[in-house]
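One file, structure.txt, is given below (compact mmCIF, C-alpha atoms and all ligand atoms).
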```txt
# COMPACT_ATOMS: atom_id res chain seq x y z
CA MET A 1 24.36 15.75 10.45
CA SER A 2 25.69 12.98 12.65
CA LEU A 3 23.70 9.77 12.98
CA GLN A 4 24.20 9.97 16.72
CA GLU A 5 22.48 13.31 16.83
CA ARG A 6 19.71 12.38 14.40
CA TYR A 7 18.58 9.34 16.37
CA SER A 8 19.51 10.54 19.87
CA ARG A 9 15.93 10.60 21.21
CA GLN A 10 15.47 7.05 20.05
CA THR A 11 18.76 5.69 21.36
CA LEU A 12 18.02 7.35 24.73
CA PHE A 13 14.86 5.23 24.87
CA PRO A 14 16.14 2.09 26.67
CA PRO A 15 14.21 -0.60 24.72
CA ILE A 16 15.89 0.66 21.52
CA GLY A 17 19.26 2.06 22.61
CA GLU A 18 22.39 2.10 20.44
CA ALA A 19 22.12 -1.62 19.73
CA GLY A 20 18.51 -1.36 18.60
CA GLN A 21 19.29 1.62 16.39
CA LYS A 22 21.99 -0.44 14.64
CA LYS A 23 19.41 -3.14 13.98
CA LEU A 24 16.99 -0.58 12.55
CA LEU A 25 19.70 0.82 10.27
CA ASN A 26 20.35 -2.70 9.00
CA SER A 27 16.69 -3.43 8.32
CA PHE A 28 14.73 -3.54 5.09
CA VAL A 29 11.01 -2.76 5.31
CA VAL A 30 8.51 -2.89 2.45
CA ILE A 31 5.33 -0.82 2.68
CA VAL A 32 2.51 -2.00 0.42
CA GLY A 33 0.41 1.04 -0.50
CA THR A 34 1.31 4.71 -0.06
CA GLY A 35 -2.09 6.17 0.75
CA ALA A 36 -3.52 7.02 4.15
CA LEU A 37 -1.87 4.33 6.28
CA GLY A 38 1.12 4.02 3.95
CA THR A 39 2.22 7.64 4.16
CA VAL A 40 2.12 7.59 7.98
CA LEU A 41 3.98 4.28 8.04
CA ALA A 42 6.63 5.53 5.61
CA ASN A 43 7.07 8.77 7.52
CA ASN A 44 7.61 6.85 10.78
CA MET A 45 9.97 4.27 9.28
CA VAL A 46 12.10 6.84 7.48
CA ARG A 47 12.39 9.13 10.49
CA ALA A 48 13.26 6.15 12.72
CA GLY A 49 16.20 5.29 10.44
CA ILE A 50 15.14 1.99 8.91
CA GLY A 51 18.10 1.44 6.58
CA ARG A 52 16.08 0.59 3.51
CA VAL A 53 12.45 1.49 2.96
CA ARG A 54 10.56 0.46 -0.16
CA ILE A 55 7.16 2.00 -0.83
CA ILE A 56 4.89 0.69 -3.56
CA ASP A 57 1.71 2.28 -4.88
CA ARG A 58 -0.30 2.11 -8.09
CA ASP A 59 -2.20 5.38 -7.80
CA PHE A 60 -1.67 9.10 -8.39
CA ILE A 61 -2.45 11.98 -6.03
CA GLU A 62 -5.80 13.78 -5.99
CA ALA A 63 -7.14 16.66 -3.90
CA SER A 64 -9.27 14.30 -1.79
CA ASN A 65 -6.08 12.60 -0.53
CA LEU A 66 -4.74 15.69 1.26
CA GLN A 67 -7.15 15.35 4.19
CA ARG A 68 -5.22 12.33 5.53
CA GLN A 69 -2.23 11.36 3.37
CA ILE A 70 0.45 13.23 5.28
CA LEU A 71 3.31 13.17 2.77
CA PHE A 72 1.44 15.04 0.00
CA ASP A 73 0.68 18.70 -0.63
CA GLU A 74 -1.11 20.91 -3.15
CA ASP A 75 1.94 21.10 -5.43
CA ASP A 76 1.91 17.31 -5.81
CA VAL A 77 -1.74 17.44 -6.92
CA LYS A 78 -0.94 20.19 -9.45
CA GLU A 79 2.04 18.24 -10.77
CA GLY A 80 -0.11 15.14 -11.15
CA LEU A 81 2.43 12.85 -9.55
CA PRO A 82 2.11 9.17 -8.72
CA LYS A 83 1.98 8.67 -4.95
CA ALA A 84 5.14 6.57 -4.80
CA VAL A 85 7.13 9.26 -6.66
CA ALA A 86 5.90 12.20 -4.53
CA ALA A 87 6.33 10.23 -1.31
CA GLU A 88 9.88 9.18 -2.21
CA ARG A 89 10.75 12.81 -2.98
CA LYS A 90 9.40 14.03 0.35
CA LEU A 91 10.97 11.20 2.34
CA ARG A 92 14.42 11.84 0.86
CA LYS A 93 14.25 15.39 2.20
CA ILE A 94 13.45 13.99 5.64
CA ASN A 95 16.26 11.44 5.72
CA SER A 96 19.01 11.29 3.10
CA ASP A 97 21.11 8.78 5.08
CA ILE A 98 18.97 5.77 4.22
CA VAL A 99 17.84 4.05 1.03
CA ILE A 100 14.31 4.94 -0.10
CA GLU A 101 12.74 3.25 -3.09
CA GLY A 102 9.44 4.52 -4.50
CA ILE A 103 7.89 2.05 -6.92
CA VAL A 104 4.87 2.88 -9.10
CA LYS A 105 3.28 -0.52 -9.58
CA ASP A 106 0.15 -2.51 -9.01
CA VAL A 107 1.11 -5.19 -6.48
CA ASN A 108 -0.30 -8.46 -7.81
CA PHE A 109 0.36 -12.20 -7.97
CA SER A 110 2.89 -11.79 -10.76
CA ASN A 111 5.24 -9.40 -8.95
CA ILE A 112 4.68 -9.54 -5.19
CA GLU A 113 7.34 -12.13 -4.39
CA GLU A 114 9.98 -10.13 -6.24
CA LEU A 115 8.81 -6.91 -4.54
CA ILE A 116 9.03 -8.20 -0.96
CA GLU A 117 11.88 -10.69 -1.26
CA GLY A 118 14.65 -10.04 1.25
CA ALA A 119 12.52 -7.77 3.44
CA ASN A 120 12.70 -8.16 7.21
CA LEU A 121 9.14 -6.95 7.53
CA VAL A 122 6.17 -5.96 5.35
CA LEU A 123 3.75 -3.24 6.44
CA ASP A 124 0.19 -3.16 5.18
CA GLY A 125 -0.76 0.27 3.90
CA SER A 126 -3.12 -1.11 1.28
CA ASP A 127 -6.78 -0.34 0.86
CA ASN A 128 -8.43 -3.62 -0.04
CA LEU A 129 -8.77 -7.16 1.19
CA GLU A 130 -7.73 -8.81 -2.04
CA ILE A 131 -4.23 -7.35 -1.76
CA ARG A 132 -4.07 -8.26 1.93
CA TYR A 133 -4.86 -11.92 1.23
CA LEU A 134 -2.20 -11.82 -1.47
CA VAL A 135 0.33 -10.30 0.99
CA ASN A 136 -0.69 -13.02 3.46
CA ASP A 137 0.06 -15.76 0.90
CA ALA A 138 3.37 -14.28 -0.23
CA CYS A 139 4.61 -13.49 3.29
CA HIS A 140 3.76 -16.97 4.52
CA LYS A 141 5.47 -18.56 1.54
CA LEU A 142 8.63 -16.46 2.00
CA GLY A 143 8.51 -16.53 5.81
CA ILE A 144 8.31 -12.74 6.16
CA PRO A 145 6.36 -11.23 9.10
CA TRP A 146 3.83 -8.53 8.25
CA ILE A 147 1.59 -6.10 10.09
CA TYR A 148 -2.04 -5.80 9.04
CA GLY A 149 -3.75 -2.42 9.28
CA ALA A 150 -7.14 -1.21 8.08
CA CYS A 151 -9.36 1.80 8.68
CA VAL A 152 -12.83 2.87 7.71
CA GLY A 153 -14.96 5.69 9.09
CA SER A 154 -13.63 6.36 12.58
CA SER A 155 -12.51 2.82 13.37
CA GLY A 156 -9.51 0.70 12.58
CA MET A 157 -7.83 -2.56 13.35
CA THR A 158 -4.30 -3.92 13.40
CA PHE A 159 -2.44 -7.10 14.33
CA ASN A 160 0.91 -8.73 13.69
CA ILE A 161 1.29 -11.84 11.55
CA LEU A 162 4.37 -13.94 12.20
CA PRO A 163 4.59 -16.92 9.85
CA GLY A 164 5.03 -20.17 11.77
CA LYS A 165 4.42 -18.49 15.13
CA GLY A 166 0.83 -17.29 15.22
CA PRO A 167 -2.34 -17.08 13.17
CA CYS A 168 -2.27 -15.69 9.65
CA LEU A 169 -4.77 -13.24 8.16
CA ARG A 170 -7.01 -16.06 6.93
CA CYS A 171 -7.03 -17.71 10.38
CA VAL A 172 -8.28 -14.44 11.88
CA LEU A 173 -10.56 -13.01 9.19
CA GLY A 174 -11.70 -16.30 7.66
CA ASP A 175 -11.97 -17.25 4.02
CA PRO A 176 -12.60 -14.29 1.73
CA VAL A 177 -16.13 -13.90 0.44
CA GLY A 178 -16.76 -13.37 -3.25
CA GLY A 179 -13.15 -13.49 -4.33
CA GLY A 180 -12.05 -11.06 -1.65
CA MET A 181 -13.37 -7.91 -3.22
CA ILE A 182 -15.16 -5.95 -0.54
CA HIS A 183 -15.97 -2.32 -1.20
CA THR A 184 -16.33 -0.23 1.89
CA CYS A 185 -14.26 2.91 2.13
CA ASP A 186 -15.79 4.84 -0.78
CA THR A 187 -19.23 4.99 0.79
CA ILE A 188 -18.39 5.53 4.44
CA GLY A 189 -15.37 7.83 4.27
CA VAL A 190 -12.54 7.91 6.78
CA ILE A 191 -11.22 10.50 9.21
CA SER A 192 -7.56 11.28 9.54
CA PRO A 193 -7.11 10.66 13.32
CA ILE A 194 -7.94 6.96 13.07
CA VAL A 195 -5.47 6.57 10.20
CA ASN A 196 -2.71 8.12 12.29
CA ILE A 197 -3.58 5.96 15.31
CA ILE A 198 -3.64 2.64 13.46
CA ALA A 199 -0.53 3.37 11.38
CA SER A 200 1.27 4.53 14.51
CA ILE A 201 0.44 1.30 16.35
CA GLN A 202 1.69 -0.61 13.30
CA SER A 203 4.87 1.50 13.35
CA ALA A 204 5.51 0.86 17.05
CA GLU A 205 5.04 -2.88 16.51
CA ALA A 206 7.43 -2.67 13.55
CA LEU A 207 10.11 -1.07 15.73
CA LYS A 208 9.57 -3.70 18.45
CA TYR A 209 9.85 -6.51 15.94
CA LEU A 210 12.96 -5.10 14.26
CA VAL A 211 14.86 -4.56 17.53
CA GLY A 212 13.70 -7.96 18.81
CA ASP A 213 11.69 -6.70 21.76
CA PRO A 214 9.66 -9.34 23.68
CA LYS A 215 6.80 -6.87 24.18
CA LEU A 216 5.68 -7.44 20.58
CA SER A 217 1.87 -7.66 20.71
CA SER A 218 -0.04 -10.87 20.07
CA ASP A 219 -3.36 -9.04 20.25
CA MET A 220 -5.70 -7.71 17.65
CA VAL A 221 -6.22 -4.05 18.46
CA PHE A 222 -9.49 -2.37 17.59
CA VAL A 223 -10.05 1.37 18.01
CA ASP A 224 -13.10 3.49 17.23
CA VAL A 225 -11.91 6.96 17.95
CA TRP A 226 -15.31 8.63 17.46
CA ASN A 227 -17.27 6.20 19.62
CA ASN A 228 -14.59 5.92 22.31
CA ALA A 229 -13.96 2.21 21.91
CA TYR A 230 -10.52 0.71 22.56
CA GLU A 231 -10.40 -3.07 22.53
CA ARG A 232 -7.82 -5.82 22.42
CA VAL A 233 -8.43 -9.45 21.59
CA ASN A 234 -5.68 -11.96 22.21
CA LEU A 235 -4.91 -14.00 19.10
CA GLU A 236 -2.56 -16.58 20.62
CA GLY A 237 -5.01 -19.46 20.16
CA ALA A 238 -6.44 -18.19 16.88
CA ARG A 239 -4.30 -20.26 14.54
CA ARG A 240 -6.47 -22.72 12.60
CA PRO A 241 -4.64 -26.00 11.83
CA HIS A 242 -6.61 -26.49 8.62
CA CYS A 243 -6.16 -22.91 7.39
CA LEU A 244 -5.74 -23.00 3.61
CA THR A 245 -2.75 -20.63 3.75
CA CYS A 246 -0.74 -21.35 6.88
CA GLY A 247 -2.07 -24.85 7.61
CA ARG A 248 -1.99 -26.35 4.15
CA GLY A 249 0.33 -24.04 2.23
CA ASN A 250 -2.23 -23.52 -0.53
CA TYR A 251 -1.62 -20.01 -1.82
CA GLU A 252 -4.92 -19.30 -3.50
CA PHE A 253 -4.24 -15.61 -4.23
CA LEU A 254 -0.58 -15.98 -5.14
CA GLU A 255 -1.23 -18.82 -7.52
CA ALA A 256 -4.23 -17.20 -9.17
CA LYS A 257 -2.70 -17.32 -12.61
CA THR A 258 -5.86 -15.79 -13.98
CA GLY A 259 -5.81 -12.96 -11.40
CA THR A 260 -8.04 -9.99 -11.93
CA ARG A 261 -6.89 -7.69 -14.67
CA THR A 262 -9.67 -5.21 -14.03
CA VAL A 263 -10.26 -4.18 -10.43
CA PHE A 264 -12.53 -1.71 -8.70
CA LEU A 265 -10.42 0.73 -6.71
CA CYS A 266 -11.81 1.11 -3.25
CA GLY A 267 -12.25 4.72 -2.24
CA ARG A 268 -11.67 5.99 -5.76
CA ASN A 269 -14.89 5.10 -7.50
CA ALA A 270 -12.69 4.05 -10.38
CA TYR A 271 -11.52 0.93 -12.18
CA GLN A 272 -7.97 -0.11 -12.87
CA VAL A 273 -7.45 -1.90 -16.17
CA MET A 274 -4.22 -3.72 -16.90
CA PRO A 275 -3.02 -5.12 -20.20
CA PHE A 276 -2.37 -8.85 -20.05
CA LEU A 277 1.32 -8.21 -20.62
CA GLU A 278 3.10 -5.11 -19.36
CA LYS A 279 3.92 -2.78 -22.26
CA LYS A 280 6.02 0.37 -22.54
CA ILE A 281 3.86 3.33 -23.46
CA ASP A 282 5.13 6.30 -25.45
CA PHE A 283 3.10 9.23 -24.09
CA THR A 284 3.97 11.52 -27.01
CA GLU A 285 2.51 9.06 -29.47
CA VAL A 286 -0.62 8.39 -27.39
CA ALA A 287 -1.14 12.12 -26.74
CA ALA A 288 -0.96 12.94 -30.45
CA ARG A 289 -3.65 10.36 -31.14
CA LEU A 290 -5.96 11.30 -28.25
CA GLU A 291 -5.71 15.09 -28.56
CA LYS A 292 -8.31 14.99 -31.32
CA LEU A 293 -10.78 13.19 -29.05
CA GLY A 294 -10.58 15.07 -25.76
CA ARG A 295 -8.34 16.91 -23.31
CA VAL A 296 -4.86 15.44 -22.79
CA GLU A 297 -2.17 16.32 -20.22
CA TYR A 298 0.93 14.34 -19.45
CA ASN A 299 4.20 14.32 -17.54
CA ARG A 300 7.03 11.81 -17.25
CA PHE A 301 4.98 9.41 -15.14
CA LEU A 302 1.41 9.52 -16.41
CA LEU A 303 -0.99 10.77 -19.06
CA LYS A 304 -4.45 12.09 -18.25
CA PHE A 305 -7.16 11.97 -20.91
CA ILE A 306 -10.61 13.45 -20.36
CA THR A 307 -13.45 12.80 -22.75
CA GLY A 308 -17.12 13.38 -21.92
CA ASP A 309 -17.79 12.03 -18.42
CA TYR A 310 -14.75 9.77 -18.46
CA GLU A 311 -11.26 10.35 -17.14
CA ILE A 312 -8.50 7.93 -18.08
CA VAL A 313 -5.11 8.08 -16.41
CA LEU A 314 -2.52 5.99 -18.20
CA PHE A 315 0.78 4.88 -16.61
CA ASN A 316 3.85 4.07 -18.66
CA ASP A 317 3.54 0.32 -18.02
CA GLY A 318 0.22 0.28 -19.86
CA ARG A 319 -1.95 0.28 -16.75
CA ALA A 320 -4.88 2.72 -16.61
CA ILE A 321 -7.18 4.08 -13.92
CA ILE A 322 -10.58 4.90 -15.34
CA LYS A 323 -13.12 7.16 -13.64
CA GLY A 324 -16.74 7.57 -14.62
CA ALA A 325 -17.26 4.03 -15.88
CA GLN A 326 -20.41 2.51 -14.39
CA ASP A 327 -19.10 -1.04 -14.46
CA GLU A 328 -16.12 -3.20 -15.26
CA GLY A 329 -17.29 -3.89 -18.81
CA ILE A 330 -17.51 -0.18 -19.65
CA ALA A 331 -14.05 0.40 -18.14
CA LYS A 332 -12.59 -2.39 -20.27
CA GLY A 333 -14.37 -1.03 -23.33
CA LEU A 334 -12.95 2.46 -22.80
CA TYR A 335 -9.48 1.01 -22.43
CA ALA A 336 -9.80 -0.95 -25.65
CA LYS A 337 -11.20 2.05 -27.51
CA TYR A 338 -8.68 4.68 -26.46
CA ILE A 339 -5.54 2.82 -25.40
CA GLY A 340 -5.80 -0.37 -27.43
CA SER A 341 -6.09 -3.99 -26.42
ZN ZN A 401 -3.77 -19.24 8.65
```

Go through the file and emit its structure as structure tokens.
Ligand SMILES: [Zn+2]
Amino acid sequence: MSLQERYSRQTLFPPIGEAGQKKLLNSFVVIVGTGALGTVLANNMVRAGIGRVRIIDRDFIEASNLQRQILFDEDDVKEGLPKAVAAERKLRKINSDIVIEGIVKDVNFSNIEELIEGANLVLDGSDNLEIRYLVNDACHKLGIPWIYGACVGSSGMTFNILPGKGPCLRCVLGDPVGGGMIHTCDTIGVISPIVNIIASIQSAEALKYLVGDPKLSSDMVFVDVWNNAYERVNLEGARRPHCLTCGRGNYEFLEAKTGTRTVFLCGRNAYQVMPFLEKKIDFTEVAARLEKLGRVEYNRFLLKFITGDYEIVLFNDGRAIIKGAQDEGIAKGLYAKYIGS
């Protein structure tokens, strides 16, 4: 398949053209999160011919994801695959001419700089504010533009963040309350159309930025697709000179050396527990031990252990996602009991 043919509809579009397509093919985009927004973003970036696309996600696929996470199907649920692995597989079938990197990892203060270094642009496909404030810190520090996106229920919001040129996330949303952990999506739900709309606006802005188009938006866009609301708020004057992140260069989230090791996963009703140091897990050994205590299934990427009302999914870096635990303490206790401390 010739590149000319593959991207012909895009090169015929004057604001992109042959020159813009070359820029896209030379670009490196990192997508943080491969869930609802992330799968739409990745699909758009890969089809558009971004030369290198890196997708990062810490979770595995469940049946409840299929309603809106466009890169996954029933076979992926049956196989019990991590999202980043299944997405990479699907994306390679869509476009084998570019570089696609699926990374199964929890993005946190210890690895984010390494994960986004060298990127031309970072796209927000995450599902919680704590990660977004962390992305904000890291992108400002490294001077990488990023595009915020968030959805809940039938509404969503997006805006571009260009370090040194406009407001950052903290300028717009203010200082995070209670350490930045805000749980919303698990109680309200989310419908697929708003996810597609917000991620598609993010994708269009990404293309504009990467080809250097002056029509790049400086507005915050808000859409509520159920209640027929479409609003734009101009953010040009929204930069706060005393902003902790972009005004003072104090990277609260990035420098949180004691960052959360146990986090509540928004939308999953589950906790993620991480060992203090990453460790290599031998699933055969763990399975042999746990088989006496409950039901165990595993593949190359993860091990699922079900005992009583609890479900523990263990990744090979030692990280676990625990369902059924009523609070953080119980989640930690289960980890210590079954996986080890
Ligand atoms: Zn700021």

> A:Ala288, A:Cys151, A:Ile161, A:Ile50: which is nearest ligand ZN 401 (chain A), counting only C-alpha atoms and all ligand atoms?
Replying inline: A:Ile161

Counting all atoms listed in the file, give me one row per residue of chain A with an atom at most 7 Å from an atom of ligand ZN 401 (chain A), showing the shortest contact pair and its distance in Å to one decimal, sorted by chain then residue number, as a Markdown table.
```
| residue | atom | partner | partner_atom | distance |
| --- | --- | --- | --- | --- |
| A:Pro167 | CA | A:ZN401 | ZN | 5.2 |
| A:Cys168 | CA | A:ZN401 | ZN | 4.0 |
| A:Leu169 | CA | A:ZN401 | ZN | 6.1 |
| A:Arg170 | CA | A:ZN401 | ZN | 4.9 |
| A:Cys171 | CA | A:ZN401 | ZN | 4.0 |
| A:Arg239 | CA | A:ZN401 | ZN | 6.0 |
| A:Arg240 | CA | A:ZN401 | ZN | 5.9 |
| A:Cys243 | CA | A:ZN401 | ZN | 4.6 |
| A:Leu244 | CA | A:ZN401 | ZN | 6.6 |
| A:Thr245 | CA | A:ZN401 | ZN | 5.2 |
| A:Cys246 | CA | A:ZN401 | ZN | 4.1 |
| A:Gly247 | CA | A:ZN401 | ZN | 6.0 |
```

>> From the options A:Ile56, A:Thr39, A:Ser64, A:Ile116, which residue's atoms come nearest to A:Lys90, counting all atoms listed in the file?
In response: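 The answer is A:Thr39, which sits nearest to A:Lys90.
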
> Skipping near chain neighbours, those fewer than 3 positions away, what residues fall within 12 Å of A:Lys78 using all atoms listed in the file, listed as an MDAnalysis selection string?
Replying inline: chainID A and resid 60:63 72:75 81:82 86 297:299

>> Report, in Å to a single decimal, how far apart atom CA of A:Val221 and atom CA of A:Val233 are.
In response: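 Answer for the atom CA of A:Val233 to atom CA of A:Val221 separation: 6.6 Å.
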
> Could you state the separation of atom CA of A:Val32 and atom CA of A:Arg52 in Å, given to one decimal place?
Replying inline: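 Taking atom CA of A:Val32 and atom CA of A:Arg52, their separation equals 14.2 Å.
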
>> Report, in Å to a single decimal, how far apart atom CA of A:Gly118 and atom CA of A:Gly49 are.
In response: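 Between atom CA of A:Gly49 and atom CA of A:Gly118 the gap works out to 17.9 Å.
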
> For A:Gln272, which residue among A:Asp137, A:Glu311, A:Glu18, A:Glu291 is the nearest when counting only C-alpha atoms?
Replying inline: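 Closest to A:Gln272, using only C-alpha atoms: A:Glu311.
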
> Quick one: residues within 9 Å of A:Glu328, all atoms listed in the file counted, chain neighbours fewer than 5 positions away excluded, as JSON, numbers by chain?
Replying inline: {"A": [262, 263, 264, 271, 273, 333]}

C-alpha atoms of the current selection, written as a JSON list (two decimals), in the frame of the given file:
```
[["chain", "number", "residue", "atom", "x", "y", "z"],
["A", 262, "THR", "CA", -9.67, -5.21, -14.03],
["A", 263, "VAL", "CA", -10.26, -4.18, -10.43],
["A", 264, "PHE", "CA", -12.53, -1.71, -8.70],
["A", 271, "TYR", "CA", -11.52, 0.93, -12.18],
["A", 273, "VAL", "CA", -7.45, -1.90, -16.17],
["A", 333, "GLY", "CA", -14.37, -1.03, -23.33]]
```

> Nearest to A:Ala87 among A:Leu302, A:Ala48, A:Ala336, A:Ala42, with distances taken over all atoms listed in the file: which residue is it?
Replying inline: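 Under the stated criterion, the closest residue is A:Ala42.
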
> Given the choices A:Thr307, A:Leu207, A:Val172, A:Glu255, which gets closest to A:Asp219 if the distance is worked out from all atoms listed in the file?
Replying inline: A:Val172

> Which residue out of A:Leu290, A:Val225, A:Leu314, A:Ile198 has the minimum interatomic distance to A:Leu37 when only C-alpha atoms are used?
Replying inline: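 Going through A:Leu290, A:Val225, A:Leu314, A:Ile198 one by one, the smallest distance to A:Leu37 is for A:Ile198.
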
Produce the centre coordinates and the three edge lengths, each in Å to one decimal, of the box along x, y and z that contains all listed atoms of stretch 35-49 of chain A with 5 Å added on each side, as AutoDock Vina command-line options.
```
--center_x 6.3 --center_y 6.6 --center_z 6.7 --size_x 29.7 --size_y 15.1 --size_z 22.0
```

> Leaving out A:Leu254 and any residue of its chain fewer than 5 positions from it, which residues lie within 7 Å of it when counting all atoms listed in the file, given as a VMD selection string?
Replying inline: chain A and resid 109 134 137 to 138

Name the residues in contact with A:Asn160 at a cut-off of 8 Å, using all atoms listed in the file, excluding same-chain residues fewer than 4 positions from it; report them as a PDB file with C-alpha atoms, in the coordinates of the input.
```
ATOM      1  CA  PRO A 145       6.360 -11.230   9.100  1.00  0.00           C
ATOM      2  CA  TRP A 146       3.830  -8.530   8.250  1.00  0.00           C
ATOM      3  CA  ILE A 147       1.590  -6.100  10.090  1.00  0.00           C
ATOM      4  CA  TYR A 148      -2.040  -5.800   9.040  1.00  0.00           C
ATOM      5  CA  GLU A 205       5.040  -2.880  16.510  1.00  0.00           C
ATOM      6  CA  SER A 217       1.870  -7.660  20.710  1.00  0.00           C
ATOM      7  CA  SER A 218      -0.040 -10.870  20.070  1.00  0.00           C
ATOM      8  CA  ASP A 219      -3.360  -9.040  20.250  1.00  0.00           C
ATOM      9  CA  MET A 220      -5.700  -7.710  17.650  1.00  0.00           C
TER      10      MET A 220
END
```
